[in-house]
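Okay, so here's the structure we're looking at.
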Amino acid sequence: MTSLIRILGVDPGSQVTGLGIIEVIDNRDIRLCYHGCIRTDRKATFAHRLKQIYFGLSEIIEQYK
């Protein structure tokens, strides 16, 4: 039976939040699934930026779950 683990890494930032997802198959094969960033509106309030980051991360998590 094949085991598959997905790992989400987040580089936090309020203007640019970096993220990446890798898959580990059978504890030996590693594959990059996704890498990118969420850019927030520099003129927005901090609360609005956090909301943008939340929805951006939620979208990526839903896509790669």
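Every chain in the structure tokens has a letter given in the order shown (A, B, ...), and although residue numbers restart at 1 in each chain, ligands are simply numbered from 1 in the order shown.
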
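Every protein, DNA or RNA residue with an atom at most 12 Å from range 48-54 of chain A, where only C-alpha atoms count and chain neighbours fewer than 2 positions away do not, is listed here: Val10, Asp11, Pro12, Gly13, Ser14, Gln15, Val16, Thr17, Gly18, Leu19, Cys37, Ile38, Arg39, Thr40, Asp41, Arg42, Lys43, Ala44, Thr45, Phe46, Gly56, Leu57, Ser58, Glu59, Ile60 and Ile61 of chain A.
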
Output file for the residues above (N, CA and C atoms, as a PDB file, in the first residue's frame):
```pdb
ATOM      1  N   VAL A  10       4.476  27.600   4.860  1.00  0.00           N
ATOM      2  CA  VAL A  10       4.049  28.989   4.718  1.00  0.00           C
ATOM      3  C   VAL A  10       5.155  29.907   5.220  1.00  0.00           C
ATOM      4  N   ASP A  11       5.515  30.875   4.404  1.00  0.00           N
ATOM      5  CA  ASP A  11       6.458  31.933   4.785  1.00  0.00           C
ATOM      6  C   ASP A  11       5.603  33.171   5.044  1.00  0.00           C
ATOM      7  N   PRO A  12       5.307  33.459   6.317  1.00  0.00           N
ATOM      8  CA  PRO A  12       4.342  34.515   6.619  1.00  0.00           C
ATOM      9  C   PRO A  12       4.851  35.918   6.307  1.00  0.00           C
ATOM     10  N   GLY A  13       3.946  36.733   5.881  1.00  0.00           N
ATOM     11  CA  GLY A  13       4.220  38.136   5.624  1.00  0.00           C
ATOM     12  C   GLY A  13       2.889  38.828   5.408  1.00  0.00           C
ATOM     13  N   SER A  14       2.769  40.075   5.819  1.00  0.00           N
ATOM     14  CA  SER A  14       1.481  40.751   5.676  1.00  0.00           C
ATOM     15  C   SER A  14       1.278  41.353   4.285  1.00  0.00           C
ATOM     16  N   GLN A  15       2.371  41.575   3.556  1.00  0.00           N
ATOM     17  CA  GLN A  15       2.236  42.082   2.186  1.00  0.00           C
ATOM     18  C   GLN A  15       2.363  40.960   1.175  1.00  0.00           C
ATOM     19  N   VAL A  16       3.314  40.060   1.413  1.00  0.00           N
ATOM     20  CA  VAL A  16       3.504  38.899   0.540  1.00  0.00           C
ATOM     21  C   VAL A  16       3.673  37.665   1.435  1.00  0.00           C
ATOM     22  N   THR A  17       2.795  36.693   1.253  1.00  0.00           N
ATOM     23  CA  THR A  17       2.864  35.434   1.995  1.00  0.00           C
ATOM     24  C   THR A  17       3.246  34.346   1.009  1.00  0.00           C
ATOM     25  N   GLY A  18       4.406  33.736   1.220  1.00  0.00           N
ATOM     26  CA  GLY A  18       4.856  32.666   0.340  1.00  0.00           C
ATOM     27  C   GLY A  18       4.338  31.327   0.822  1.00  0.00           C
ATOM     28  N   LEU A  19       4.143  30.412  -0.127  1.00  0.00           N
ATOM     29  CA  LEU A  19       3.702  29.086   0.267  1.00  0.00           C
ATOM     30  C   LEU A  19       4.131  28.055  -0.748  1.00  0.00           C
ATOM     31  N   CYS A  37       2.747  32.673  -4.136  1.00  0.00           N
ATOM     32  CA  CYS A  37       2.585  33.644  -3.066  1.00  0.00           C
ATOM     33  C   CYS A  37       1.221  34.311  -3.157  1.00  0.00           C
ATOM     34  N   ILE A  38       0.823  34.853  -2.042  1.00  0.00           N
ATOM     35  CA  ILE A  38      -0.403  35.628  -1.950  1.00  0.00           C
ATOM     36  C   ILE A  38       0.025  37.064  -1.714  1.00  0.00           C
ATOM     37  N   ARG A  39      -0.310  37.926  -2.636  1.00  0.00           N
ATOM     38  CA  ARG A  39       0.037  39.346  -2.513  1.00  0.00           C
ATOM     39  C   ARG A  39      -1.190  40.111  -2.050  1.00  0.00           C
ATOM     40  N   THR A  40      -1.014  40.896  -1.009  1.00  0.00           N
ATOM     41  CA  THR A  40      -2.130  41.668  -0.476  1.00  0.00           C
ATOM     42  C   THR A  40      -2.017  43.124  -0.907  1.00  0.00           C
ATOM     43  N   ASP A  41      -3.114  43.825  -0.783  1.00  0.00           N
ATOM     44  CA  ASP A  41      -3.180  45.239  -1.138  1.00  0.00           C
ATOM     45  C   ASP A  41      -2.411  46.061  -0.100  1.00  0.00           C
ATOM     46  N   ARG A  42      -1.350  46.723  -0.522  1.00  0.00           N
ATOM     47  CA  ARG A  42      -0.506  47.496   0.402  1.00  0.00           C
ATOM     48  C   ARG A  42      -1.251  48.629   1.098  1.00  0.00           C
ATOM     49  N   LYS A  43      -2.301  49.110   0.462  1.00  0.00           N
ATOM     50  CA  LYS A  43      -3.053  50.228   1.023  1.00  0.00           C
ATOM     51  C   LYS A  43      -4.168  49.768   1.960  1.00  0.00           C
ATOM     52  N   ALA A  44      -4.424  48.478   2.015  1.00  0.00           N
ATOM     53  CA  ALA A  44      -5.504  47.943   2.843  1.00  0.00           C
ATOM     54  C   ALA A  44      -5.093  47.918   4.312  1.00  0.00           C
ATOM     55  N   THR A  45      -6.087  47.870   5.171  1.00  0.00           N
ATOM     56  CA  THR A  45      -5.809  47.750   6.605  1.00  0.00           C
ATOM     57  C   THR A  45      -5.216  46.372   6.875  1.00  0.00           C
ATOM     58  N   PHE A  46      -4.577  46.246   8.039  1.00  0.00           N
ATOM     59  CA  PHE A  46      -3.971  44.971   8.404  1.00  0.00           C
ATOM     60  C   PHE A  46      -5.043  43.881   8.489  1.00  0.00           C
ATOM     61  N   GLY A  56      -6.959  33.315   0.485  1.00  0.00           N
ATOM     62  CA  GLY A  56      -5.989  32.769  -0.464  1.00  0.00           C
ATOM     63  C   GLY A  56      -5.478  31.400  -0.033  1.00  0.00           C
ATOM     64  N   LEU A  57      -5.131  31.265   1.261  1.00  0.00           N
ATOM     65  CA  LEU A  57      -4.672  29.970   1.780  1.00  0.00           C
ATOM     66  C   LEU A  57      -5.788  28.933   1.728  1.00  0.00           C
ATOM     67  N   SER A  58      -6.991  29.343   2.076  1.00  0.00           N
ATOM     68  CA  SER A  58      -8.133  28.417   2.059  1.00  0.00           C
ATOM     69  C   SER A  58      -8.362  27.869   0.659  1.00  0.00           C
ATOM     70  N   GLU A  59      -8.224  28.708  -0.340  1.00  0.00           N
ATOM     71  CA  GLU A  59      -8.398  28.286  -1.722  1.00  0.00           C
ATOM     72  C   GLU A  59      -7.356  27.247  -2.134  1.00  0.00           C
ATOM     73  N   ILE A  60      -6.102  27.503  -1.794  1.00  0.00           N
ATOM     74  CA  ILE A  60      -5.019  26.564  -2.134  1.00  0.00           C
ATOM     75  C   ILE A  60      -5.196  25.246  -1.378  1.00  0.00           C
ATOM     76  N   ILE A  61      -5.533  25.321  -0.097  1.00  0.00           N
ATOM     77  CA  ILE A  61      -5.744  24.103   0.699  1.00  0.00           C
ATOM     78  C   ILE A  61      -6.876  23.273   0.103  1.00  0.00           C
TER      79      ILE A  61
END
```

Report summary line: From the list A:Ala47, A:Glu62, A:Thr2, A:Phe55, the nearest residue to Arg28 in chain A using only C-alpha atoms is A:Thr2

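When CA of Gly36 in chain A is paired with CA of Leu4 in chain A, their separation reads 21.8 Å.
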
**Report entry** strand (DSSP E or B) positions in chain A, given as a PyMOL selection string
**Finding:** chain A and resi 4-11+16-25+29-39

Written selection (N, CA, C and O atoms) as a compact mmCIF listing (two decimals), in the first residue's frame:
```
# COMPACT_ATOMS: atom_id res chain seq x y z
N LEU A 4 0.91 8.44 1.20
CA LEU A 4 1.07 9.75 0.60
C LEU A 4 0.85 10.80 1.68
O LEU A 4 -0.16 10.77 2.38
N ILE A 5 1.79 11.70 1.82
CA ILE A 5 1.68 12.81 2.77
C ILE A 5 1.88 14.10 2.00
O ILE A 5 2.81 14.21 1.20
N ARG A 6 1.01 15.07 2.24
CA ARG A 6 1.20 16.41 1.66
C ARG A 6 1.57 17.36 2.78
O ARG A 6 0.97 17.36 3.85
N ILE A 7 2.55 18.20 2.50
CA ILE A 7 3.05 19.15 3.49
C ILE A 7 2.91 20.56 2.91
O ILE A 7 3.36 20.82 1.80
N LEU A 8 2.29 21.42 3.70
CA LEU A 8 2.12 22.83 3.34
C LEU A 8 3.12 23.66 4.14
O LEU A 8 3.13 23.59 5.36
N GLY A 9 3.94 24.42 3.46
CA GLY A 9 4.86 25.33 4.10
C GLY A 9 4.44 26.76 3.82
O GLY A 9 4.06 27.09 2.69
N VAL A 10 4.48 27.60 4.86
CA VAL A 10 4.05 28.99 4.72
C VAL A 10 5.15 29.91 5.22
O VAL A 10 5.67 29.72 6.31
N ASP A 11 5.52 30.87 4.40
CA ASP A 11 6.46 31.93 4.79
C ASP A 11 5.60 33.17 5.04
O ASP A 11 5.18 33.84 4.10
N VAL A 16 3.31 40.06 1.41
CA VAL A 16 3.50 38.90 0.54
C VAL A 16 3.67 37.67 1.44
O VAL A 16 4.56 37.63 2.28
N THR A 17 2.80 36.69 1.25
CA THR A 17 2.86 35.43 2.00
C THR A 17 3.25 34.35 1.01
O THR A 17 2.52 34.08 0.06
N GLY A 18 4.41 33.74 1.22
CA GLY A 18 4.86 32.67 0.34
C GLY A 18 4.34 31.33 0.82
O GLY A 18 4.12 31.13 2.01
N LEU A 19 4.14 30.41 -0.13
CA LEU A 19 3.70 29.09 0.27
C LEU A 19 4.13 28.05 -0.75
O LEU A 19 4.40 28.36 -1.91
N GLY A 20 4.24 26.83 -0.27
CA GLY A 20 4.59 25.71 -1.12
C GLY A 20 3.98 24.44 -0.58
O GLY A 20 3.74 24.32 0.62
N ILE A 21 3.72 23.50 -1.47
CA ILE A 21 3.17 22.21 -1.09
C ILE A 21 4.03 21.13 -1.75
O ILE A 21 4.30 21.18 -2.94
N ILE A 22 4.45 20.16 -0.93
CA ILE A 22 5.18 19.00 -1.46
C ILE A 22 4.41 17.73 -1.09
O ILE A 22 3.63 17.72 -0.14
N GLU A 23 4.64 16.69 -1.86
CA GLU A 23 4.11 15.36 -1.57
C GLU A 23 5.27 14.45 -1.24
O GLU A 23 6.31 14.50 -1.90
N VAL A 24 5.10 13.64 -0.23
CA VAL A 24 6.08 12.62 0.12
C VAL A 24 5.38 11.27 -0.07
O VAL A 24 4.36 10.99 0.55
N ILE A 25 5.95 10.46 -0.94
CA ILE A 25 5.36 9.16 -1.27
C ILE A 25 6.24 8.06 -0.70
O ILE A 25 7.45 8.01 -1.00
N ASP A 29 10.08 9.34 -1.97
CA ASP A 29 9.94 10.17 -3.16
C ASP A 29 9.27 11.49 -2.79
O ASP A 29 8.20 11.51 -2.19
N ILE A 30 9.90 12.59 -3.16
CA ILE A 30 9.38 13.91 -2.86
C ILE A 30 9.07 14.63 -4.16
O ILE A 30 9.89 14.62 -5.09
N ARG A 31 7.88 15.25 -4.22
CA ARG A 31 7.46 15.93 -5.44
C ARG A 31 6.86 17.28 -5.08
O ARG A 31 6.06 17.39 -4.15
N LEU A 32 7.27 18.31 -5.80
CA LEU A 32 6.69 19.64 -5.62
C LEU A 32 5.33 19.68 -6.29
O LEU A 32 5.19 19.35 -7.47
N CYS A 33 4.31 20.07 -5.52
CA CYS A 33 2.95 20.18 -6.07
C CYS A 33 2.62 21.61 -6.44
O CYS A 33 1.96 21.86 -7.45
N TYR A 34 3.05 22.55 -5.60
CA TYR A 34 2.66 23.94 -5.81
C TYR A 34 3.65 24.86 -5.09
O TYR A 34 4.16 24.51 -4.02
N HIS A 35 3.90 26.00 -5.70
CA HIS A 35 4.63 27.06 -5.02
C HIS A 35 4.12 28.39 -5.56
O HIS A 35 3.71 28.50 -6.71
N GLY A 36 4.08 29.37 -4.69
CA GLY A 36 3.58 30.66 -5.12
C GLY A 36 3.49 31.61 -3.94
O GLY A 36 4.06 31.37 -2.88
N CYS A 37 2.75 32.67 -4.14
CA CYS A 37 2.59 33.64 -3.07
C CYS A 37 1.22 34.31 -3.16
O CYS A 37 0.58 34.30 -4.21
N ILE A 38 0.82 34.85 -2.04
CA ILE A 38 -0.40 35.63 -1.95
C ILE A 38 0.03 37.06 -1.71
O ILE A 38 0.69 37.36 -0.72
N ARG A 39 -0.31 37.93 -2.64
CA ARG A 39 0.04 39.35 -2.51
C ARG A 39 -1.19 40.11 -2.05
O ARG A 39 -2.26 39.97 -2.62
```

Report task. List every residue of chain A that DSSP, applied to the backbone, labels as alpha helix (DSSP H), and write the result as a list in words. Result ->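 In chain A, DSSP puts these residues in alpha helix (DSSP H): Phe46, Ala47, His48, Arg49, Leu50, Lys51, Gln52, Ile53, Tyr54, Phe55, Gly56, Leu57, Ser58, Glu59, Ile60, Ile61, Glu62, Gln63 and Tyr64 of chain A.
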